[in-house]
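Enquirer: This is the structure, below, for whatever I ask next.
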Amino acid sequence: MIENSMFEEEPDVVDLTFPALDPDEVTYEPRSSRLLVRGLGENDMDDDEEDCESSARLLGMSFMNRSSAHRSNSSPYTRQAPPRSCSRPSSRTIVVCVLFLVIVASVTMVFYFLPGCTFTKAGCHKPNKTNPIEPVYPISTNGELFPWAQLRLPQSIKPLSYDLTLNPDLDKMTFTGRTVISMSILHSTNRIVFHGANLNITKATFKASDVTILEYKPRQQLAVNFSEELKAGQYCVLTMEYSANFSNAYDGFYKSFYIDKDRNKRVLAATQFEPLSARKAFPCFDEPAFKATFLIKISRKKTYMTLSNMPKAKSTNLSNGLVQDEFEKTSVNMSTYLVAFIVADFTPNTKNVSETQVSVYSVPEKNGHTEYALTITSKLLEFYNNFFDINYPLKKLDLVAIPDFLAGAMENLGLITFRETTLLVGKESSLLEKQVVASVIAHELAHQWFGNLVTMTWWNDLWLNEGFATYMEYMSLFKSDNVMCSYILRFRALDKDALNSSHAVSTDVNTTEQVEEMFDSVSYEKGASILLMLNASFPGDQQFRKGIIEYLKQFSGLNTDTDDLWNSLTQKLDRKKLRLLLLMMTSWTSQKGFPLVTVNLMGNQVTLAQEHFLLTSDNTTHTSSLWHIPVTYVNDSCSLAPEYTFKLSENVTWLKLNYKNTGFYIVDYGKDGWSALAQALFSNVGVLTHEDRASLIHNIFALSRLGRVSFLQVINLLKYVSADTETSPVTEALLQLNNIYRQLEKRQESNLASRMKNFIMSTFRNLTAKQTWEEEENVSKQELRSALLEMACNLNDENCTQQATSLFKKYMESNGTLRYVQSTTNISLSYSASFQAEKRKMLKGLASTQNPQRLVQILSFGLRGSLIQTQELPLVISTMCQSFAGCLFAWDFIQENWDRLIEKFPIGSFAIQAIIKSVTSQSSTQAQLNKVQAFFSGLKERGSQMRSVQEALETIKLNQRWMDRNLPTLQKWL
């Protein structure tokens with residue numbers, strides 16, 4: 001669901017030997033990884049960006065801050081001198097120590113032999129009614145002791161294959177199943193522990209004998225105890241029969257429906273198992289490392305069809321009038337989260353590509369909207385087969401548009417599922433909508449290699465899946481379809497990673513909540529950014545690609561962690577380059593955050609320093625974290641040298657680091673440096689690329705939040721923006737200014753908010769006036785037009801609102817495919833072969849209303865999933881929160897309906913993260929902070945510990961600090 005002389009010496013090596021542990025009791029801890037980098041430089045700027053980029057020279061200029069002011073004594077890069085001598089303790093000291101040990105031993109024995117004293121993990125306890133003993137192992141639902149006490153399953157048993165038989169009843173919304181798991185005993189054990197959630201297991205057999213299934217619901221674990229030990233090397237089979245209800249949420253085996261062209265309700269069932277929901281459909285070892293093969297059989301009515309990961313092998317008529325479809329056994333080992341099956345009445349559009357049958361499925365009346373996806377998928381499949389030097393491993397690839405689907409898409413092996421908006425393209429679709437579809441398909445197809453063929457061992461390394469898929473999404477489209485390669489989302493990843501609540505790309509994951517929270521911009525965008533920097537740092541063309549191919553071939557069908565990737569990428573490097581690369585890798589994946597690079601330009605000499613860019617609202621000190629940074633730059637007369645201090649060939653007037661924004665860091669040029677850049681842009685917008693201009697705007701706003709630059713410096717840089725016509729810098733400036741406007745509005749600083757609105761509109765008035773309301777032929781121009789017109793209409797620009805109202809009336813009079821009907825008592829959306837993308841646009845329009853009654857109705861409908869699909873609630877809430885009144889209603893709604901929300905969306909999930917961010921990110925007062933803190937702290941196990949909650953509280957405090965510091969400036973300037 002993207003080098004330094006300090007390290008010339010060999011690192012110290014310490015050999016630590018530990019006693020052997022029981023394999024069942026070993027908990028997984030991710031291994032540390034090491035990383036390096038070098039940088040790019042640029043002599044001059046050509047009009048042709050490709051020529052400009054290809055002329056950039058490798059610099060070998062990763063640097064570390066050598067200033068003692070920014071390094072603590074505990075830095076891992078600081079070596080401590082060995083002691084000069086080792087003194088021997090005195091006789092008196094020895095006597096005192098021995099006496100102390102005797103006393104401790106005596107006290108321990110007294111407590112041990114006290115009657116009724118039971119030792120647990122917490123120490124000695126006497127059982128009583130008010131202080132019961134907490135056992136080492138938890139209690140099963142039947143009152144017996146559950147034989148496992150960890151989130152991660154024991155490693156003593158490996159599943160080899162699953163034989164699944166599923167019998168869904170779409171009328172009663174229930175299903176029955178039979179699961180046969182063949183497994184190998186790796187280490188002798190007297191228990192089998194696996195997963196199951198909300199399953200009523202009616203019969204279980206092991207070696208032809210009935211067995212009792214124990215259940216521990218808090219961890220969704222099942223277990224079987226045995227009186228005799230299962231010996232290592234044995235093969236055994238566990239068979240279970242069970243029944244269950246379809247899930248009411250968007251995970252597991254869940255029910256869904258759509259309204260057809262004749263206004264009939266059509267029911268279907270689909271799956272979404274990532275990350276932890278295969279266990280809701282069948283008993284299984286539901287962790288990525290437990291790969292196995294799957295043979296799946298599903299029964300259905302004759303009016304339905306079924307799909308699964310593999311091609312259909314045969315269909316059999318059953319005595320009860322149903323048909324059972326049996327699919328081929330999977331030809332590769334799969335993790336359970338990649339299993340998928342669908343029961344529906346969809347129709348396909350099919351094409352053969354590179355010996356693979358590619359099919360795009362949709363509801364029957366939208367089959368005409370599948371051609372674009374089929375064409376893009378065909379191109380991308382051929383590209384990936386060639387790029388990875390490994391052909392897609394299955395004979396078929398299905399892409400399915402599901403009418404009610406929470407995720408944007410899911411990469412199930414051979415059966416990729418999508419929202420309709422991310423797969424279907426009609427005649428009405430814009431270039432932007434086509435680009436969204438192409439990007440999502442590229443991302444999910446990349447997962448067929450990164451994630452499916454080679455899978456991370458545990459969720460702590462999710463970035464190996466999502467970072468790579470995000471990176472390849474951009475790479476593949478840029479190579480194969482000339483779609484604009486935009487990394488603008490990296491700015492939002494930087495914003496998140498600047499907070500203390502952020503996490504390392506590869507980090508510990510110890511709860512189900514933490515698993516869900518790994519699906520964020522750090523795993524996706526920061527992961528992709530690291531790979532982009534890494535690619536630029538490899539010596540020689542195609543070296544990075546060769547390392548990727550080596551990684552995929554070496555670990556095909558297996559599980560990996562971050563170290564395995566680094567080892568594959570560096571296999572053919574010499575020892576010195578290997579050591580530097582590993583050091584760089586670690587600095588970017590094993591610690592949270594990113595560096596702030598400070599530039600000091602004195603004549604023709606440039607000095608660079610770095611520190612941790614950390615936004616904190618308290619007195620937290622910056623950490624001693626250091627990064628190996630690939631430094632690139634451009635200026636009006638470039639010359640490069642591989643040191644953290646270097647000289648340019650002659651005096652220059654300005655210097656811009658992080659050429660084209662390829663590095664994941666922020667740069668501070670100092671007061672004079674920022675003034676020089678502002679003057680250069682004001683004189684000539686084209687002196688920097690649009691990527692460089694966008695990164696300057698983002699960086700200076702970020703530094704303003706940090707308190708390193710004044711807001712007057714921000715305004716000085718923005719003087720040039722009215723002359724900019726490129727999408728990325730204009731949209732970034734719009735976003736940053738709009739954020740300040742919304743904060744002022746939510747603080748009820750009406751006068752200042754009004755003046756800020758006027759400033760925004762005047763800054764972009766000329767550019768907005770040039771935008772047409774006709775179809776654009778260029779994706780970038782369409783993005784720009786969309787951002788400008790949305791801004792103008794949201795700020796109630798009269799020309800914009802009049803034009804929008806006029807076009808809407810014409811659309812309604814032309815009998816558009818989607819009708820919006822609003823009366824004084826209700827809101828309804830009606831469909832006539834409606835197009836999903838149009839529906840979402842209309843929904844955003846509905847959610848933008850200032851009518852309190854309408855706001856309440858929209859939220860209520862969304863929660864019930866009646867007229868508005870529940871999958872759209874995050875969009876509805878985000879849209880509402882653009883206004884002060886809407887955000888108040890959304891906040892009240894969330895507080896009143898929190899338990900129902902987390903029934904629909906798992907705690908920590910991306911949907912919950914988005915909802916929390918929407919209602920809190922523009923708050924900036926102590927009263928708002930108190931309300932948010934009070935509500936979430938009262939949730940306890942129902943979400944109080946979410947990282948997104950800590951992020952929300954941090955953001956409000958930072959907003960408050962920025963406003964308190966800058967309100968006088970705003971009042972004077974505006």
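Going through the structure tokens in order, the chains are called A, B, and so on, while each chain numbers its residues from 1 and the ligands are numbered from 1 in the order shown.
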Env of Ala344 in chain A: 7 Å cut, atoms = only C-alpha atoms, seq-sep filter 3 positions within chain, self excluded. Answer as a list of chain:residue names.

Expert: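 Result of the neighbour search: A:Leu268, A:Ala269, A:Tyr304, A:Met305, A:Thr306.
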
Enquirer: Generate a file of the selected residues that holds all heavy atoms, formatted as a short mmCIF file (atom, residue, chain, number, x, y, z; two decimals), in the first residue's frame.

Expert:
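Produced file out-v9.cif, reproduced below:
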```
data_model
loop_
_atom_site.label_atom_id
_atom_site.label_comp_id
_atom_site.auth_asym_id
_atom_site.auth_seq_id
_atom_site.Cartn_x
_atom_site.Cartn_y
_atom_site.Cartn_z
N LEU A 268 -21.21 -7.47 -3.19
CA LEU A 268 -19.98 -8.20 -3.52
C LEU A 268 -19.17 -8.38 -2.25
O LEU A 268 -19.47 -7.80 -1.21
CB LEU A 268 -19.17 -7.44 -4.57
CG LEU A 268 -18.70 -6.02 -4.20
CD1 LEU A 268 -17.23 -6.05 -3.79
CD2 LEU A 268 -18.90 -5.06 -5.34
N ALA A 269 -18.14 -9.20 -2.33
CA ALA A 269 -17.23 -9.40 -1.21
C ALA A 269 -15.80 -9.34 -1.73
O ALA A 269 -15.49 -9.89 -2.80
CB ALA A 269 -17.48 -10.75 -0.54
N TYR A 304 -22.49 -15.01 -10.12
CA TYR A 304 -21.27 -14.32 -9.70
C TYR A 304 -20.04 -14.95 -10.36
O TYR A 304 -20.11 -16.04 -10.94
CB TYR A 304 -21.11 -14.40 -8.18
CG TYR A 304 -22.01 -13.45 -7.42
CD1 TYR A 304 -23.25 -13.87 -6.95
CD2 TYR A 304 -21.60 -12.15 -7.15
CE1 TYR A 304 -24.08 -13.00 -6.25
CE2 TYR A 304 -22.42 -11.28 -6.45
CZ TYR A 304 -23.65 -11.71 -6.00
OH TYR A 304 -24.46 -10.85 -5.30
N MET A 305 -18.93 -14.25 -10.24
CA MET A 305 -17.63 -14.79 -10.64
C MET A 305 -16.69 -14.62 -9.46
O MET A 305 -16.95 -13.85 -8.54
CB MET A 305 -17.08 -14.07 -11.88
CG MET A 305 -17.15 -12.55 -11.83
SD MET A 305 -15.86 -11.73 -10.88
CE MET A 305 -14.50 -12.00 -11.98
N THR A 306 -15.59 -15.36 -9.46
CA THR A 306 -14.59 -15.24 -8.40
C THR A 306 -13.21 -14.98 -9.00
O THR A 306 -12.93 -15.37 -10.14
CB THR A 306 -14.51 -16.51 -7.53
OG1 THR A 306 -14.13 -17.62 -8.36
CG2 THR A 306 -15.85 -16.80 -6.86
#
```

Enquirer: Do a neighbour search on Val454 in chain A at 7 Å with only C-alpha atoms, toss out local chain neighbours closer than 5 positions, and write the hits as a compact mmCIF listing (two decimals) with N, CA, C and O atoms, in the first residue's frame.

Expert:
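Contents of the output file out-v4.txt:
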```txt
# COMPACT_ATOMS: atom_id res chain seq x y z
N TRP A 449 7.62 -7.11 -7.55
CA TRP A 449 9.03 -7.48 -7.31
C TRP A 449 9.45 -7.10 -5.89
O TRP A 449 9.89 -7.94 -5.13
N LEU A 552 17.29 -8.73 -5.93
CA LEU A 552 16.07 -9.46 -6.28
C LEU A 552 16.36 -10.92 -6.62
O LEU A 552 15.60 -11.82 -6.24
N PHE A 555 17.53 -12.97 -3.34
CA PHE A 555 16.52 -13.21 -2.30
C PHE A 555 15.13 -13.50 -2.87
O PHE A 555 14.13 -13.36 -2.17
N SER A 556 15.07 -13.91 -4.12
CA SER A 556 13.79 -14.22 -4.75
C SER A 556 13.04 -15.28 -3.95
O SER A 556 13.57 -16.35 -3.63
N GLY A 557 11.80 -14.97 -3.56
CA GLY A 557 10.99 -15.89 -2.78
C GLY A 557 11.28 -15.87 -1.30
O GLY A 557 10.66 -16.62 -0.54
N LEU A 558 12.20 -15.02 -0.86
CA LEU A 558 12.62 -15.01 0.55
C LEU A 558 12.24 -13.71 1.24
O LEU A 558 11.63 -12.83 0.65
N ASN A 559 12.64 -13.61 2.49
CA ASN A 559 12.43 -12.40 3.29
C ASN A 559 13.77 -11.74 3.58
O ASN A 559 14.79 -12.43 3.72
```

Enquirer: With distances taken over only C-alpha atoms, which residue among A:Leu531, A:Val631, A:Ile181, A:Val440 lies nearest Glu411 in chain A?

Expert: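 Once distances to Glu411 in chain A are computed over only C-alpha atoms, the minimum belongs to A:Val440.
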
Enquirer: Find, counting only C-alpha atoms, the residue in A:Gln850, A:Thr303, A:Thr470, A:Ser722 that gets nearest to Val343 in chain A.

Expert: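 Checking each candidate against Val343 in chain A, we get A:Thr303 as the closest.
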
Enquirer: So which one's closest to Val667 in chain A, A:Thr632, A:Thr176, A:Ser308, A:Thr271? Using only C-alpha atoms, please.

Expert: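 Once distances to Val667 in chain A are computed over only C-alpha atoms, the minimum belongs to A:Thr632.
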
Enquirer: Residues at most 8 Å from Gly593 in chain A, counting only C-alpha atoms, excluding those fewer than 5 positions away in the same chain, as a PDB file with N, CA, C and O atoms, in the first residue's frame?

Expert:
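The result, written out as result.pdb:
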```
ATOM      1  N   ASP A 497       9.083  14.548   9.349  1.00  0.00           N
ATOM      2  CA  ASP A 497      10.321  14.014   9.904  1.00  0.00           C
ATOM      3  C   ASP A 497      11.064  15.045  10.747  1.00  0.00           C
ATOM      4  O   ASP A 497      12.019  14.699  11.442  1.00  0.00           O
ATOM      5  N   ALA A 498      10.649  16.295  10.685  1.00  0.00           N
ATOM      6  CA  ALA A 498      11.274  17.329  11.498  1.00  0.00           C
ATOM      7  C   ALA A 498      10.774  17.307  12.935  1.00  0.00           C
ATOM      8  O   ALA A 498      11.339  17.981  13.796  1.00  0.00           O
ATOM      9  N   LEU A 499       9.718  16.534  13.207  1.00  0.00           N
ATOM     10  CA  LEU A 499       9.128  16.498  14.534  1.00  0.00           C
ATOM     11  C   LEU A 499       9.795  15.445  15.403  1.00  0.00           C
ATOM     12  O   LEU A 499      10.310  14.431  14.907  1.00  0.00           O
ATOM     13  N   SER A 502       8.631  11.766  15.100  1.00  0.00           N
ATOM     14  CA  SER A 502       8.925  10.974  13.909  1.00  0.00           C
ATOM     15  C   SER A 502       9.666   9.695  14.295  1.00  0.00           C
ATOM     16  O   SER A 502       9.917   9.426  15.477  1.00  0.00           O
ATOM     17  N   HIS A 503      10.038   8.914  13.311  1.00  0.00           N
ATOM     18  CA  HIS A 503      10.729   7.640  13.573  1.00  0.00           C
ATOM     19  C   HIS A 503      11.750   7.382  12.478  1.00  0.00           C
ATOM     20  O   HIS A 503      11.690   7.975  11.394  1.00  0.00           O
ATOM     21  N   ALA A 504      12.685   6.514  12.780  1.00  0.00           N
ATOM     22  CA  ALA A 504      13.675   6.133  11.771  1.00  0.00           C
ATOM     23  C   ALA A 504      12.996   5.345  10.659  1.00  0.00           C
ATOM     24  O   ALA A 504      11.955   4.717  10.853  1.00  0.00           O
ATOM     25  N   HIS A 612      21.184  18.408  13.453  1.00  0.00           N
ATOM     26  CA  HIS A 612      19.867  17.777  13.327  1.00  0.00           C
ATOM     27  C   HIS A 612      18.798  18.860  13.210  1.00  0.00           C
ATOM     28  O   HIS A 612      18.681  19.715  14.072  1.00  0.00           O
ATOM     29  N   PHE A 613      18.018  18.840  12.116  1.00  0.00           N
ATOM     30  CA  PHE A 613      16.895  19.778  11.993  1.00  0.00           C
ATOM     31  C   PHE A 613      15.732  19.214  12.805  1.00  0.00           C
ATOM     32  O   PHE A 613      15.049  18.300  12.384  1.00  0.00           O
ATOM     33  N   LEU A 614      15.521  19.781  13.977  1.00  0.00           N
ATOM     34  CA  LEU A 614      14.504  19.260  14.890  1.00  0.00           C
ATOM     35  C   LEU A 614      13.623  20.394  15.376  1.00  0.00           C
ATOM     36  O   LEU A 614      14.091  21.336  16.022  1.00  0.00           O
TER      37      LEU A 614
END
```

Enquirer: List as a PyMOL selection string the protein and nucleic acid residues near range 390-393 of chain A, meaning an atom at most 10 Å away when only C-alpha atoms are counted, but skip any in the same chain fewer than 4 places from it.

Expert: chain A and resi 331-332+354-356+381-382+384-386+397+413-414+445+448-449+453+549+552-553+556

Enquirer: Excluding Leu696 in chain A and residues on its chain fewer than 4 positions from it, collect all residues at most 12 Å away from it, counting only C-alpha atoms, and give them as a ChimeraX atom specification.

Expert: /A:491,655-661,665-669,673-675,677-678,681,688-692,700-703,713-714,717-718,720-721,728-730,732-733

Enquirer: Output N, CA, C and O atoms for every residue in that selection, as a short mmCIF file (atom, residue, chain, number, x, y, z; two decimals), in the first residue's frame.

Expert:
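Output file part24.cif follows:
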```cif
data_model
loop_
_atom_site.label_atom_id
_atom_site.label_comp_id
_atom_site.auth_asym_id
_atom_site.auth_seq_id
_atom_site.Cartn_x
_atom_site.Cartn_y
_atom_site.Cartn_z
N PHE A 491 8.47 17.33 0.45
CA PHE A 491 8.36 18.44 1.39
C PHE A 491 7.50 18.06 2.58
O PHE A 491 7.79 18.40 3.72
N LEU A 655 24.85 31.21 -3.95
CA LEU A 655 25.12 29.76 -4.00
C LEU A 655 23.86 29.03 -3.56
O LEU A 655 23.27 29.36 -2.55
N LYS A 656 23.43 28.03 -4.33
CA LYS A 656 22.24 27.23 -4.01
C LYS A 656 22.64 25.77 -3.89
O LYS A 656 23.12 25.16 -4.84
N LEU A 657 22.47 25.21 -2.68
CA LEU A 657 22.77 23.80 -2.44
C LEU A 657 21.55 22.93 -2.76
O LEU A 657 20.44 23.42 -2.89
N ASN A 658 21.79 21.62 -2.84
CA ASN A 658 20.74 20.63 -3.09
C ASN A 658 20.11 20.87 -4.45
O ASN A 658 18.91 21.12 -4.58
N TYR A 659 20.94 20.77 -5.47
CA TYR A 659 20.52 21.02 -6.84
C TYR A 659 19.33 20.16 -7.22
O TYR A 659 19.32 18.95 -7.04
N LYS A 660 18.29 20.81 -7.72
CA LYS A 660 17.04 20.17 -8.14
C LYS A 660 16.34 19.40 -7.02
O LYS A 660 15.53 18.52 -7.27
N ASN A 661 16.71 19.71 -5.77
CA ASN A 661 16.03 19.13 -4.62
C ASN A 661 16.10 17.61 -4.59
O ASN A 661 15.14 16.92 -4.23
N TYR A 665 17.33 17.06 2.79
CA TYR A 665 17.85 17.92 3.84
C TYR A 665 17.42 19.36 3.58
O TYR A 665 16.92 19.70 2.50
N ILE A 666 17.61 20.20 4.57
CA ILE A 666 17.24 21.62 4.49
C ILE A 666 18.51 22.44 4.61
O ILE A 666 19.45 22.07 5.33
N VAL A 667 18.55 23.57 3.91
CA VAL A 667 19.76 24.40 3.86
C VAL A 667 19.44 25.80 4.38
O VAL A 667 18.43 26.41 4.03
N ASP A 668 20.33 26.31 5.22
CA ASP A 668 20.26 27.70 5.70
C ASP A 668 21.47 28.45 5.16
O ASP A 668 22.62 28.07 5.41
N TYR A 669 21.22 29.52 4.41
CA TYR A 669 22.29 30.26 3.75
C TYR A 669 22.76 31.47 4.56
O TYR A 669 23.64 32.20 4.11
N GLY A 673 23.19 35.27 2.61
CA GLY A 673 22.96 34.27 1.56
C GLY A 673 21.52 34.27 1.07
O GLY A 673 21.26 34.20 -0.14
N TRP A 674 20.57 34.36 2.01
CA TRP A 674 19.16 34.41 1.62
C TRP A 674 18.86 35.69 0.85
O TRP A 674 18.10 35.67 -0.14
N SER A 675 19.43 36.81 1.26
CA SER A 675 19.20 38.07 0.55
C SER A 675 19.73 38.00 -0.87
O SER A 675 19.07 38.48 -1.81
N LEU A 677 20.08 35.28 -2.74
CA LEU A 677 19.21 34.40 -3.52
C LEU A 677 17.91 35.11 -3.88
O LEU A 677 17.40 34.99 -5.00
N ALA A 678 17.34 35.85 -2.92
CA ALA A 678 16.10 36.59 -3.18
C ALA A 678 16.31 37.61 -4.28
O ALA A 678 15.47 37.77 -5.18
N LEU A 681 16.63 35.89 -7.75
CA LEU A 681 15.33 35.46 -8.27
C LEU A 681 14.48 36.64 -8.70
O LEU A 681 13.76 36.58 -9.70
N LEU A 688 17.25 29.86 -11.49
CA LEU A 688 17.20 28.55 -10.84
C LEU A 688 16.10 27.70 -11.44
O LEU A 688 15.09 28.22 -11.93
N THR A 689 16.24 26.39 -11.38
CA THR A 689 15.19 25.49 -11.86
C THR A 689 13.96 25.62 -10.97
O THR A 689 14.04 26.08 -9.83
N HIS A 690 12.83 25.16 -11.47
CA HIS A 690 11.60 25.24 -10.66
C HIS A 690 11.71 24.36 -9.42
O HIS A 690 11.16 24.69 -8.37
N GLU A 691 12.45 23.24 -9.51
CA GLU A 691 12.64 22.41 -8.32
C GLU A 691 13.45 23.16 -7.26
O GLU A 691 13.16 23.08 -6.07
N ASP A 692 14.47 23.89 -7.71
CA ASP A 692 15.29 24.67 -6.77
C ASP A 692 14.49 25.80 -6.14
O ASP A 692 14.63 26.10 -4.95
N ILE A 700 12.82 28.01 3.55
CA ILE A 700 12.79 29.24 4.34
C ILE A 700 11.58 29.26 5.27
O ILE A 700 11.66 29.78 6.40
N PHE A 701 10.46 28.67 4.86
CA PHE A 701 9.33 28.54 5.78
C PHE A 701 9.67 27.59 6.93
O PHE A 701 9.30 27.83 8.08
N ALA A 702 10.36 26.50 6.62
CA ALA A 702 10.76 25.56 7.67
C ALA A 702 11.70 26.22 8.66
O ALA A 702 11.59 26.03 9.88
N LEU A 703 12.64 27.02 8.15
CA LEU A 703 13.58 27.71 9.03
C LEU A 703 12.88 28.78 9.86
O LEU A 703 13.28 29.06 10.99
N GLN A 713 12.36 37.94 6.38
CA GLN A 713 13.21 37.29 5.38
C GLN A 713 12.38 36.40 4.46
O GLN A 713 12.66 36.30 3.26
N VAL A 714 11.38 35.74 5.03
CA VAL A 714 10.47 34.91 4.22
C VAL A 714 9.78 35.79 3.18
O VAL A 714 9.72 35.46 1.99
N LEU A 717 11.98 36.88 0.27
CA LEU A 717 12.14 35.87 -0.78
C LEU A 717 10.89 35.77 -1.65
O LEU A 717 10.98 35.60 -2.87
N LEU A 718 9.72 35.88 -1.02
CA LEU A 718 8.46 35.70 -1.75
C LEU A 718 8.15 36.86 -2.70
O LEU A 718 7.20 36.76 -3.49
N TYR A 720 9.57 37.64 -5.29
CA TYR A 720 9.73 37.22 -6.68
C TYR A 720 8.57 36.37 -7.18
O TYR A 720 8.37 36.23 -8.39
N VAL A 721 7.77 35.76 -6.26
CA VAL A 721 6.83 34.70 -6.61
C VAL A 721 5.77 35.16 -7.60
O VAL A 721 5.31 34.36 -8.43
N SER A 728 5.51 23.78 -9.27
CA SER A 728 6.01 23.39 -7.96
C SER A 728 6.30 24.57 -7.04
O SER A 728 5.88 24.55 -5.87
N PRO A 729 6.98 25.64 -7.47
CA PRO A 729 7.18 26.75 -6.54
C PRO A 729 5.90 27.50 -6.20
O PRO A 729 5.70 27.91 -5.05
N VAL A 730 5.02 27.67 -7.18
CA VAL A 730 3.77 28.40 -6.92
C VAL A 730 2.88 27.63 -5.95
O VAL A 730 2.34 28.19 -5.00
N GLU A 732 3.79 25.40 -3.75
CA GLU A 732 4.39 25.37 -2.42
C GLU A 732 4.18 26.70 -1.71
O GLU A 732 3.86 26.72 -0.51
N ALA A 733 4.33 27.81 -2.41
CA ALA A 733 4.09 29.12 -1.80
C ALA A 733 2.62 29.26 -1.39
O ALA A 733 2.31 29.77 -0.31
#
```

Enquirer: Enter the distance from CA of Thr421 in chain A to CA of Phe835 in chain A, in Å, rounded to one decimal.

Expert: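 It comes out at 8.5 Å.
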
Enquirer: For Asp520 in chain A, which of A:Leu855, A:Ala787, A:Val505, A:Leu532 is the closest residue, counting only C-alpha atoms?

Expert: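 The answer is A:Val505, which sits nearest to Asp520 in chain A.
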
Enquirer: With only C-alpha atoms as the counted atoms, please give the residues lying no more than 8 Å from range 252-255 of chain A, apart from itself and same-chain residues fewer than 4 positions off, as a VMD selection string.

Expert: chain A and resid 170 173 246 to 248 267 to 273 277 to 281

Enquirer: Create the file for the chosen residues now, containing C-alpha atoms and written as an mmCIF file, in the first residue's frame.

Expert:
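As a result, part11.cif now contains:
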```
data_model
loop_
_atom_site.group_PDB
_atom_site.id
_atom_site.type_symbol
_atom_site.label_atom_id
_atom_site.label_comp_id
_atom_site.auth_asym_id
_atom_site.auth_seq_id
_atom_site.Cartn_x
_atom_site.Cartn_y
_atom_site.Cartn_z
ATOM 1 C CA LEU A 170 -23.651 -12.849 0.219
ATOM 2 C CA MET A 173 -23.319 -11.814 4.935
ATOM 3 C CA PHE A 246 -18.091 -10.583 6.811
ATOM 4 C CA SER A 247 -16.111 -7.663 8.157
ATOM 5 C CA ASN A 248 -17.998 -4.392 8.584
ATOM 6 C CA VAL A 267 -23.572 -6.945 -3.351
ATOM 7 C CA LEU A 268 -19.984 -8.197 -3.521
ATOM 8 C CA ALA A 269 -17.226 -9.404 -1.208
ATOM 9 C CA ALA A 270 -13.544 -8.498 -1.386
ATOM 10 C CA THR A 271 -10.405 -8.750 0.746
ATOM 11 C CA GLN A 272 -7.823 -6.366 2.182
ATOM 12 C CA PHE A 273 -5.278 -8.210 4.316
ATOM 13 C CA SER A 277 -6.064 -8.933 8.510
ATOM 14 C CA ALA A 278 -5.578 -12.265 6.732
ATOM 15 C CA ARG A 279 -6.272 -13.734 10.184
ATOM 16 C CA LYS A 280 -9.822 -12.353 9.912
ATOM 17 C CA ALA A 281 -10.536 -14.576 6.904
#
```

Enquirer: Determine the nearest neighbour of Glu611 in chain A from the options A:Phe346, A:Leu626, A:Asp262, A:Ser918, counting only C-alpha atoms.

Expert: A:Leu626

Enquirer: Just checking: using only C-alpha atoms, which residue out of A:Glu783, A:Glu228, A:Glu838, A:Glu777 ends up closest to Leu424 in chain A?

Expert: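 Smallest separation from Leu424 in chain A among the options: A:Glu838.
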
Enquirer: What lies within 7 Å of Thr562 in chain A using only C-alpha atoms, ignoring chain neighbours under 2 positions off, as a list in words?

Expert: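 Returned residues: Ser33, Asp461, Thr560, Asp564, Leu565 and Trp566 of chain A.
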
Enquirer: Can you list, as a PyMOL selection string, all residues belonging to range 521-571 of chain A that DSSP tags as alpha helix (DSSP H)?

Expert: chain A and resi 521+527-537+543-554+562-569

Enquirer: Find the distance between CA of Ser786 in chain A and CA of Ala680 in chain A and write it in Å to one decimal.

Expert: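 Going from CA of Ser786 in chain A over to CA of Ala680 in chain A covers 28.5 Å.
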
Enquirer: Could you work out how far CA of Thr239 in chain A lies from CA of Ile192 in chain A, giving the answer in Å with one decimal?

Expert: 12.6 Å
